[in-house]
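Remarks on the structure that follows.
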Amino acid sequence: MIPLNAGELHIPWQKELARAFTRPEQLLDYLGLDNTPWQEGFAARKLFSMRVPRPFADKMRPGDPDDPLLRQVLPLVDEFTEVPGFITDPLDEHDSALPGLLHKYRSRVLLVLRGGCAVNCRYCFRRHFPYEDNSPGQGGWQPAADYIAAHPEINEVILSGGDPLMAKDEHIAALLNELETIPHLKRLRIHSRLPVVIPARLTEALRERLSQSRLRPVLVLHINHTNEIDDDLAARLHSWQRAGITLLNQSVLLAGVNDNTDTLEALSERLFAAGVLPYYLHQLDKVAGAAHFAVSDDKARALMAGLLARLPGFLVPRLVREIGGEVSKTPIDLILQPS
């Protein structure tokens, strides 16, 4: 187990962001892979920029062109293929209640705290999201706070993005100070992939501030494959769990990454060993440029049936799809439909 002061031995997370890979050839060279078979796909950076932190690249298998972590971040020529039903705004999010605030569900609101991400996953459902119109920045959240205060049915605030942990600890603490004054709020939920790609982002300062809040803190990670959880990340997650922060995970079912029962079973077991409960397994949001990651509903149901046969129920995530305009996530019936 890595000691809790392990962060002192690591490059600060902001510096890791600055030295992330932004060109496919750089990443492939780092992994000892020949660029030639991939070059046609490099132009997909024009559709959606590339960003891969080095700590995440270090979790990839050198010399393996089929590495499941590499597949999630490498621009491919497939992104240029237009597929019916795959659109720029699959969840109907581009019109918000206020800049940076989405009130999709009755009892909770989502704040787009930061537009940027530490890693640009090629299947991202917000790869076309107009962040420039939805990023008030530090000090610009008063209208959102006023909106929340005026809606007593809201009991939970979800920090999202982009990635909300791209904000500095001080910025998050300042926002938390404001939210804590709203009496009907009960929980603060943070959805982030940043700790997965740069574990050093799970700072002691942020952990302590969240653990002292009157709002119940929940950190929802986005981990798709067991190889994304190294010893450093696991040690930091354990320290957050011991501080009373609820840890959940949501994954996306991705062709060529985790679309087999063995991989999903190993992921659930590794998550629980790190103090994290599996929460959701999402069917892919149909965003333009990501159709090559799609897995059929029938296959998804079969995979879930396999997990139910192998794992205790608390380690089986809920298979869901998000549909724009619906009042909640939509569970996918696990009964196989006749073909």
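Lettering and numbering for the structure tokens are positional, with chains as A, B, ... in the shown order, residues counted from 1 in each chain, and ligands counted from 1 in the shown order.
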Please list as a PyMOL selection string every residue within 8 Å of A:Cys124, counting only C-alpha atoms and excluding residues in the same chain fewer than 4 positions away. chain A and resi 120+287+290
Tell me, as a PyMOL selection string, which residues lie within 6 Å of stretch 249-258 of chain A, counting only C-alpha atoms; anything in the same chain fewer than 2 positions away does not count. chain A and resi 68+220-224+260+263+278-283+293-295
The selected residues should be written to file as a PDB file, in the first residue's frame (atoms: N, CA and C atoms).
```pdb
ATOM      1  N   PRO A  68      -6.735  -1.773 -24.369  1.00  0.00           N
ATOM      2  CA  PRO A  68      -8.074  -1.192 -24.178  1.00  0.00           C
ATOM      3  C   PRO A  68      -8.066   0.256 -23.719  1.00  0.00           C
ATOM      4  N   VAL A 220     -18.131  10.264  -7.945  1.00  0.00           N
ATOM      5  CA  VAL A 220     -18.462   9.263  -8.952  1.00  0.00           C
ATOM      6  C   VAL A 220     -17.343   9.257  -9.985  1.00  0.00           C
ATOM      7  N   LEU A 221     -16.610   8.166 -10.018  1.00  0.00           N
ATOM      8  CA  LEU A 221     -15.504   8.012 -10.959  1.00  0.00           C
ATOM      9  C   LEU A 221     -16.004   7.449 -12.272  1.00  0.00           C
ATOM     10  N   HIS A 222     -15.177   7.576 -13.289  1.00  0.00           N
ATOM     11  CA  HIS A 222     -15.488   7.012 -14.602  1.00  0.00           C
ATOM     12  C   HIS A 222     -14.330   6.100 -14.993  1.00  0.00           C
ATOM     13  N   ILE A 223     -14.515   4.806 -14.699  1.00  0.00           N
ATOM     14  CA  ILE A 223     -13.487   3.799 -14.956  1.00  0.00           C
ATOM     15  C   ILE A 223     -14.108   2.703 -15.810  1.00  0.00           C
ATOM     16  N   ASN A 224     -13.475   2.413 -16.939  1.00  0.00           N
ATOM     17  CA  ASN A 224     -14.035   1.447 -17.882  1.00  0.00           C
ATOM     18  C   ASN A 224     -13.330   0.108 -17.885  1.00  0.00           C
ATOM     19  N   ASN A 260     -16.819  -7.732 -22.801  1.00  0.00           N
ATOM     20  CA  ASN A 260     -16.843  -9.165 -22.521  1.00  0.00           C
ATOM     21  C   ASN A 260     -16.992  -9.361 -21.021  1.00  0.00           C
ATOM     22  N   THR A 263     -13.864  -9.209 -18.536  1.00  0.00           N
ATOM     23  CA  THR A 263     -13.358  -7.859 -18.269  1.00  0.00           C
ATOM     24  C   THR A 263     -14.254  -7.112 -17.298  1.00  0.00           C
ATOM     25  N   PRO A 278     -19.587  -0.386  -7.893  1.00  0.00           N
ATOM     26  CA  PRO A 278     -20.113  -0.216  -9.247  1.00  0.00           C
ATOM     27  C   PRO A 278     -21.518   0.396  -9.177  1.00  0.00           C
ATOM     28  N   TYR A 279     -21.782   1.336 -10.064  1.00  0.00           N
ATOM     29  CA  TYR A 279     -23.011   2.133 -10.003  1.00  0.00           C
ATOM     30  C   TYR A 279     -23.813   1.949 -11.292  1.00  0.00           C
ATOM     31  N   TYR A 280     -23.282   2.452 -12.387  1.00  0.00           N
ATOM     32  CA  TYR A 280     -23.950   2.325 -13.686  1.00  0.00           C
ATOM     33  C   TYR A 280     -23.001   1.729 -14.717  1.00  0.00           C
ATOM     34  N   LEU A 281     -23.572   0.949 -15.618  1.00  0.00           N
ATOM     35  CA  LEU A 281     -22.923   0.587 -16.876  1.00  0.00           C
ATOM     36  C   LEU A 281     -23.788   1.192 -17.971  1.00  0.00           C
ATOM     37  N   HIS A 282     -23.275   2.207 -18.636  1.00  0.00           N
ATOM     38  CA  HIS A 282     -24.044   2.956 -19.625  1.00  0.00           C
ATOM     39  C   HIS A 282     -23.916   2.337 -21.010  1.00  0.00           C
ATOM     40  N   GLN A 283     -25.044   2.216 -21.681  1.00  0.00           N
ATOM     41  CA  GLN A 283     -24.961   2.022 -23.117  1.00  0.00           C
ATOM     42  C   GLN A 283     -24.487   3.337 -23.731  1.00  0.00           C
ATOM     43  N   PHE A 293     -17.765   2.541 -31.304  1.00  0.00           N
ATOM     44  CA  PHE A 293     -17.716   1.999 -29.951  1.00  0.00           C
ATOM     45  C   PHE A 293     -19.016   1.288 -29.555  1.00  0.00           C
ATOM     46  N   ALA A 294     -20.033   1.345 -30.396  1.00  0.00           N
ATOM     47  CA  ALA A 294     -21.363   0.872 -30.006  1.00  0.00           C
ATOM     48  C   ALA A 294     -21.414  -0.644 -29.835  1.00  0.00           C
ATOM     49  N   VAL A 295     -22.172  -1.071 -28.823  1.00  0.00           N
ATOM     50  CA  VAL A 295     -22.437  -2.484 -28.538  1.00  0.00           C
ATOM     51  C   VAL A 295     -23.956  -2.656 -28.557  1.00  0.00           C
TER      52      VAL A 295
END
```
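Considering the residues A:Ser160, A:Arg201, A:Glu208, A:Phe125 and counting only C-alpha atoms, A:Phe86 has its shortest atom-to-atom contact with A:Phe125.
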DSSP on the backbone: what in stretch 109-236 of chain A comes out alpha helix (DSSP H), as a ChimeraX atom specification? /A:142-149,169-179,194-197,204-211,231-236
Preceding selection exported with N, CA and C atoms as an mmCIF file, in the first residue's frame:
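Written out: part-v5.cif:
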```
data_model
loop_
_atom_site.group_PDB
_atom_site.id
_atom_site.type_symbol
_atom_site.label_atom_id
_atom_site.label_comp_id
_atom_site.auth_asym_id
_atom_site.auth_seq_id
_atom_site.Cartn_x
_atom_site.Cartn_y
_atom_site.Cartn_z
ATOM 1 N N GLN A 142 -23.174 32.969 -9.033
ATOM 2 C CA GLN A 142 -24.262 33.496 -8.206
ATOM 3 C C GLN A 142 -25.639 33.268 -8.822
ATOM 4 N N PRO A 143 -25.833 33.484 -10.140
ATOM 5 C CA PRO A 143 -27.158 33.181 -10.703
ATOM 6 C C PRO A 143 -27.562 31.726 -10.514
ATOM 7 N N ALA A 144 -26.600 30.797 -10.657
ATOM 8 C CA ALA A 144 -26.915 29.386 -10.451
ATOM 9 C C ALA A 144 -27.280 29.122 -9.002
ATOM 10 N N ALA A 145 -26.524 29.716 -8.058
ATOM 11 C CA ALA A 145 -26.835 29.546 -6.636
ATOM 12 C C ALA A 145 -28.209 30.122 -6.312
ATOM 13 N N ASP A 146 -28.543 31.271 -6.900
ATOM 14 C CA ASP A 146 -29.860 31.871 -6.680
ATOM 15 C C ASP A 146 -30.963 30.962 -7.223
ATOM 16 N N TYR A 147 -30.716 30.356 -8.381
ATOM 17 C CA TYR A 147 -31.694 29.440 -8.979
ATOM 18 C C TYR A 147 -31.935 28.249 -8.053
ATOM 19 N N ILE A 148 -30.852 27.661 -7.536
ATOM 20 C CA ILE A 148 -30.973 26.506 -6.642
ATOM 21 C C ILE A 148 -31.719 26.900 -5.369
ATOM 22 N N ALA A 149 -31.390 28.047 -4.814
ATOM 23 C CA ALA A 149 -32.039 28.504 -3.593
ATOM 24 C C ALA A 149 -33.537 28.731 -3.793
ATOM 25 N N ASP A 169 -8.559 23.397 -5.989
ATOM 26 C CA ASP A 169 -9.192 23.079 -4.707
ATOM 27 C C ASP A 169 -9.867 24.305 -4.101
ATOM 28 N N GLU A 170 -9.202 25.472 -4.192
ATOM 29 C CA GLU A 170 -9.747 26.691 -3.605
ATOM 30 C C GLU A 170 -11.051 27.100 -4.271
ATOM 31 N N HIS A 171 -11.135 26.899 -5.595
ATOM 32 C CA HIS A 171 -12.358 27.245 -6.327
ATOM 33 C C HIS A 171 -13.500 26.329 -5.898
ATOM 34 N N ILE A 172 -13.210 25.033 -5.784
ATOM 35 C CA ILE A 172 -14.241 24.088 -5.354
ATOM 36 C C ILE A 172 -14.698 24.414 -3.935
ATOM 37 N N ALA A 173 -13.748 24.750 -3.065
ATOM 38 C CA ALA A 173 -14.085 25.094 -1.682
ATOM 39 C C ALA A 173 -14.955 26.339 -1.621
ATOM 40 N N ALA A 174 -14.655 27.343 -2.452
ATOM 41 C CA ALA A 174 -15.456 28.567 -2.467
ATOM 42 C C ALA A 174 -16.885 28.284 -2.915
ATOM 43 N N LEU A 175 -17.038 27.449 -3.942
ATOM 44 C CA LEU A 175 -18.376 27.085 -4.395
ATOM 45 C C LEU A 175 -19.110 26.287 -3.320
ATOM 46 N N LEU A 176 -18.389 25.400 -2.661
ATOM 47 C CA LEU A 176 -18.998 24.600 -1.602
ATOM 48 C C LEU A 176 -19.474 25.499 -0.458
ATOM 49 N N ASN A 177 -18.685 26.504 -0.129
ATOM 50 C CA ASN A 177 -19.108 27.459 0.908
ATOM 51 C C ASN A 177 -20.453 28.083 0.571
ATOM 52 N N GLU A 178 -20.639 28.425 -0.707
ATOM 53 C CA GLU A 178 -21.891 29.047 -1.148
ATOM 54 C C GLU A 178 -23.040 28.050 -1.088
ATOM 55 N N LEU A 179 -22.805 26.835 -1.566
ATOM 56 C CA LEU A 179 -23.871 25.833 -1.604
ATOM 57 C C LEU A 179 -24.304 25.415 -0.204
ATOM 58 N N LEU A 194 -10.729 12.599 -13.896
ATOM 59 C CA LEU A 194 -9.378 13.110 -13.705
ATOM 60 C C LEU A 194 -8.544 12.247 -12.749
ATOM 61 N N PRO A 195 -9.082 11.792 -11.606
ATOM 62 C CA PRO A 195 -8.251 10.963 -10.727
ATOM 63 C C PRO A 195 -7.787 9.661 -11.371
ATOM 64 N N VAL A 196 -8.535 9.180 -12.356
ATOM 65 C CA VAL A 196 -8.173 7.939 -13.029
ATOM 66 C C VAL A 196 -6.952 8.143 -13.910
ATOM 67 N N VAL A 197 -6.867 9.302 -14.550
ATOM 68 C CA VAL A 197 -5.767 9.560 -15.472
ATOM 69 C C VAL A 197 -4.606 10.288 -14.809
ATOM 70 N N GLU A 204 -5.009 15.778 -0.536
ATOM 71 C CA GLU A 204 -5.433 15.716 0.861
ATOM 72 C C GLU A 204 -6.288 16.929 1.215
ATOM 73 N N ALA A 205 -5.954 18.089 0.669
ATOM 74 C CA ALA A 205 -6.704 19.309 0.980
ATOM 75 C C ALA A 205 -8.157 19.193 0.533
ATOM 76 N N LEU A 206 -8.376 18.706 -0.667
ATOM 77 C CA LEU A 206 -9.748 18.568 -1.160
ATOM 78 C C LEU A 206 -10.491 17.494 -0.381
ATOM 79 N N ARG A 207 -9.806 16.403 -0.088
ATOM 80 C CA ARG A 207 -10.424 15.338 0.701
ATOM 81 C C ARG A 207 -10.910 15.870 2.047
ATOM 82 N N GLU A 208 -10.067 16.646 2.720
ATOM 83 C CA GLU A 208 -10.429 17.146 4.033
ATOM 84 C C GLU A 208 -11.572 18.154 3.965
ATOM 85 N N ARG A 209 -11.556 19.024 2.944
ATOM 86 C CA ARG A 209 -12.654 20.003 2.826
ATOM 87 C C ARG A 209 -13.982 19.300 2.589
ATOM 88 N N LEU A 210 -14.005 18.311 1.727
ATOM 89 C CA LEU A 210 -15.245 17.597 1.455
ATOM 90 C C LEU A 210 -15.723 16.821 2.678
ATOM 91 N N SER A 211 -14.800 16.231 3.395
ATOM 92 C CA SER A 211 -15.180 15.424 4.556
ATOM 93 C C SER A 211 -15.757 16.276 5.681
ATOM 94 N N ASP A 231 -1.993 0.877 -8.240
ATOM 95 C CA ASP A 231 -1.865 0.901 -6.783
ATOM 96 C C ASP A 231 -1.947 2.318 -6.229
ATOM 97 N N ASP A 232 -1.413 3.286 -6.968
ATOM 98 C CA ASP A 232 -1.456 4.674 -6.519
ATOM 99 C C ASP A 232 -2.904 5.145 -6.396
ATOM 100 N N LEU A 233 -3.699 4.939 -7.447
ATOM 101 C CA LEU A 233 -5.096 5.348 -7.411
ATOM 102 C C LEU A 233 -5.837 4.620 -6.293
ATOM 103 N N ALA A 234 -5.625 3.309 -6.157
ATOM 104 C CA ALA A 234 -6.323 2.536 -5.134
ATOM 105 C C ALA A 234 -6.016 3.062 -3.737
ATOM 106 N N ALA A 235 -4.753 3.407 -3.464
ATOM 107 C CA ALA A 235 -4.382 3.916 -2.141
ATOM 108 C C ALA A 235 -5.076 5.241 -1.848
ATOM 109 N N ARG A 236 -5.121 6.116 -2.836
ATOM 110 C CA ARG A 236 -5.770 7.417 -2.641
ATOM 111 C C ARG A 236 -7.274 7.252 -2.448
#
```
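Shortest atom-to-atom contact with A:Arg270 among A:Leu319, A:Ile229, A:Leu102, A:Ile190: A:Ile229, counting only C-alpha atoms.
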Nearest candidate to A:Thr22 (options A:Gln39, A:Gly140, A:Asp64, A:Pro75; using only C-alpha atoms):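 Distance minimum relative to A:Thr22 lands on A:Pro75.
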Would you mind reading off the distance between atom CA of A:Leu303 and atom CA of A:Leu70, one decimal, in Å?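 These two atoms are separated by 22.5 Å.
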Among stretch 53-250 of chain A, which residues carry a DSSP assignment of strand (DSSP E), reported as a ChimeraX atom specification? /A:101-105,108-114,156-161,187-192,216-222,246-250
Which residues come within 12 Å of A:Ser192, counting only C-alpha atoms, excluding same-chain residues fewer than 6 positions away, as a PyMOL selection string? chain A and resi 112-114+116-119+158-167+198-199+201-202+218-223+247-251
Generate the output file for the selected residues, N, CA, C and O atoms, as a short mmCIF file (atom, residue, chain, number, x, y, z; two decimals), in the first residue's frame.
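Saved to out_0.cif:
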```
data_model
loop_
_atom_site.label_atom_id
_atom_site.label_comp_id
_atom_site.auth_asym_id
_atom_site.auth_seq_id
_atom_site.Cartn_x
_atom_site.Cartn_y
_atom_site.Cartn_z
N VAL A 112 -21.89 22.72 -14.78
CA VAL A 112 -20.72 22.50 -15.63
C VAL A 112 -19.61 23.38 -15.07
O VAL A 112 -19.45 24.54 -15.48
N LEU A 113 -18.87 22.83 -14.12
CA LEU A 113 -17.90 23.63 -13.39
C LEU A 113 -16.70 24.02 -14.24
O LEU A 113 -16.17 25.13 -14.13
N ARG A 114 -16.27 23.11 -15.11
CA ARG A 114 -15.14 23.37 -16.00
C ARG A 114 -15.41 22.73 -17.35
O ARG A 114 -15.91 21.62 -17.44
N GLY A 116 -13.00 22.06 -19.69
CA GLY A 116 -11.92 21.20 -20.14
C GLY A 116 -11.89 19.87 -19.40
O GLY A 116 -12.48 19.71 -18.33
N CYS A 117 -11.16 18.93 -19.97
CA CYS A 117 -10.94 17.62 -19.36
C CYS A 117 -9.45 17.32 -19.34
O CYS A 117 -8.69 17.84 -20.16
N ALA A 118 -9.06 16.46 -18.42
CA ALA A 118 -7.66 16.02 -18.39
C ALA A 118 -7.37 15.03 -19.50
O ALA A 118 -6.23 14.91 -19.96
N VAL A 119 -8.40 14.31 -19.94
CA VAL A 119 -8.27 13.33 -21.01
C VAL A 119 -9.46 13.50 -21.94
O VAL A 119 -10.58 13.72 -21.47
N ILE A 158 -24.79 18.34 -8.62
CA ILE A 158 -23.80 17.49 -9.29
C ILE A 158 -22.81 18.40 -10.00
O ILE A 158 -23.20 19.22 -10.84
N LEU A 159 -21.55 18.27 -9.67
CA LEU A 159 -20.51 19.01 -10.37
C LEU A 159 -20.00 18.15 -11.52
O LEU A 159 -19.55 17.03 -11.33
N SER A 160 -20.08 18.73 -12.73
CA SER A 160 -19.72 17.97 -13.92
C SER A 160 -18.90 18.87 -14.83
O SER A 160 -18.33 19.86 -14.42
N GLY A 161 -18.82 18.49 -16.10
CA GLY A 161 -18.02 19.26 -17.04
C GLY A 161 -18.22 18.76 -18.46
O GLY A 161 -19.30 18.25 -18.77
N GLY A 162 -17.19 18.83 -19.25
CA GLY A 162 -15.80 18.79 -18.88
C GLY A 162 -15.55 17.91 -17.66
O GLY A 162 -16.15 16.89 -17.45
N ASP A 163 -14.61 18.37 -16.84
CA ASP A 163 -14.32 17.66 -15.61
C ASP A 163 -14.22 18.68 -14.50
O ASP A 163 -13.38 19.59 -14.54
N PRO A 164 -15.07 18.56 -13.46
CA PRO A 164 -15.08 19.58 -12.41
C PRO A 164 -13.78 19.64 -11.61
O PRO A 164 -13.45 20.68 -11.05
N LEU A 165 -13.02 18.53 -11.57
CA LEU A 165 -11.78 18.55 -10.82
C LEU A 165 -10.64 19.22 -11.58
O LEU A 165 -9.52 19.29 -11.09
N MET A 166 -10.95 19.76 -12.77
CA MET A 166 -10.00 20.67 -13.42
C MET A 166 -9.94 21.99 -12.67
O MET A 166 -8.99 22.77 -12.83
N ALA A 167 -10.95 22.28 -11.85
CA ALA A 167 -10.93 23.48 -11.02
C ALA A 167 -9.96 23.26 -9.86
O ALA A 167 -9.77 22.14 -9.38
N ILE A 198 -4.88 10.99 -13.69
CA ILE A 198 -3.84 11.62 -12.89
C ILE A 198 -4.22 11.41 -11.42
O ILE A 198 -4.89 12.26 -10.80
N PRO A 199 -3.82 10.30 -10.81
CA PRO A 199 -4.23 10.04 -9.42
C PRO A 199 -3.86 11.13 -8.43
O PRO A 199 -4.55 11.32 -7.42
N ARG A 201 -4.46 14.05 -8.49
CA ARG A 201 -5.53 15.05 -8.33
C ARG A 201 -6.33 14.83 -7.04
O ARG A 201 -6.98 15.75 -6.55
N LEU A 202 -6.30 13.65 -6.49
CA LEU A 202 -7.01 13.39 -5.24
C LEU A 202 -6.15 13.91 -4.08
O LEU A 202 -5.51 13.16 -3.36
N VAL A 218 -20.15 12.83 -2.45
CA VAL A 218 -20.11 11.61 -3.25
C VAL A 218 -19.18 11.86 -4.43
O VAL A 218 -19.34 12.86 -5.15
N LEU A 219 -18.21 10.99 -4.64
CA LEU A 219 -17.33 11.06 -5.81
C LEU A 219 -17.69 9.92 -6.74
O LEU A 219 -17.59 8.75 -6.36
N VAL A 220 -18.13 10.26 -7.95
CA VAL A 220 -18.46 9.26 -8.95
C VAL A 220 -17.34 9.26 -9.99
O VAL A 220 -17.15 10.23 -10.72
N LEU A 221 -16.61 8.17 -10.02
CA LEU A 221 -15.50 8.01 -10.96
C LEU A 221 -16.00 7.45 -12.27
O LEU A 221 -17.11 6.91 -12.36
N HIS A 222 -15.18 7.58 -13.29
CA HIS A 222 -15.49 7.01 -14.60
C HIS A 222 -14.33 6.10 -14.99
O HIS A 222 -13.31 6.55 -15.50
N ILE A 223 -14.51 4.81 -14.70
CA ILE A 223 -13.49 3.80 -14.96
C ILE A 223 -14.11 2.70 -15.81
O ILE A 223 -15.14 2.15 -15.45
N LEU A 247 -17.85 6.56 -2.59
CA LEU A 247 -17.19 6.36 -3.88
C LEU A 247 -18.01 5.42 -4.74
O LEU A 247 -18.29 4.28 -4.35
N LEU A 248 -18.38 5.89 -5.91
CA LEU A 248 -19.14 5.11 -6.88
C LEU A 248 -18.41 5.13 -8.21
O LEU A 248 -17.55 5.97 -8.45
N ASN A 249 -18.78 4.22 -9.09
CA ASN A 249 -18.19 4.21 -10.43
C ASN A 249 -19.27 4.03 -11.48
O ASN A 249 -20.23 3.26 -11.30
N GLN A 250 -19.10 4.73 -12.58
CA GLN A 250 -19.92 4.47 -13.76
C GLN A 250 -19.00 4.21 -14.94
O GLN A 250 -17.97 4.86 -15.10
N SER A 251 -19.38 3.22 -15.72
CA SER A 251 -18.61 2.83 -16.90
C SER A 251 -19.48 3.01 -18.13
O SER A 251 -20.70 3.11 -18.05
#
```
When distances are computed from only C-alpha atoms, which of A:Lys15, A:His292, A:Ala266, A:Leu308 shows the smallest separation from A:Glu228?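 Of A:Lys15, A:His292, A:Ala266, A:Leu308, the one nearest A:Glu228, counting only C-alpha atoms, is A:Ala266.
Each of A:Asp259, A:Asp66, A:Glu16, A:Glu40 was compared to A:Phe80 using only C-alpha atoms, and A:Glu40 turns out to be the nearest.
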So, with only C-alpha atoms as the atoms that count, which of A:Met60, A:Val109, A:Ala18, A:Leu33 lies closest to A:Glu156?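 Of the candidates, the smallest distance to A:Glu156 is held by A:Val109.
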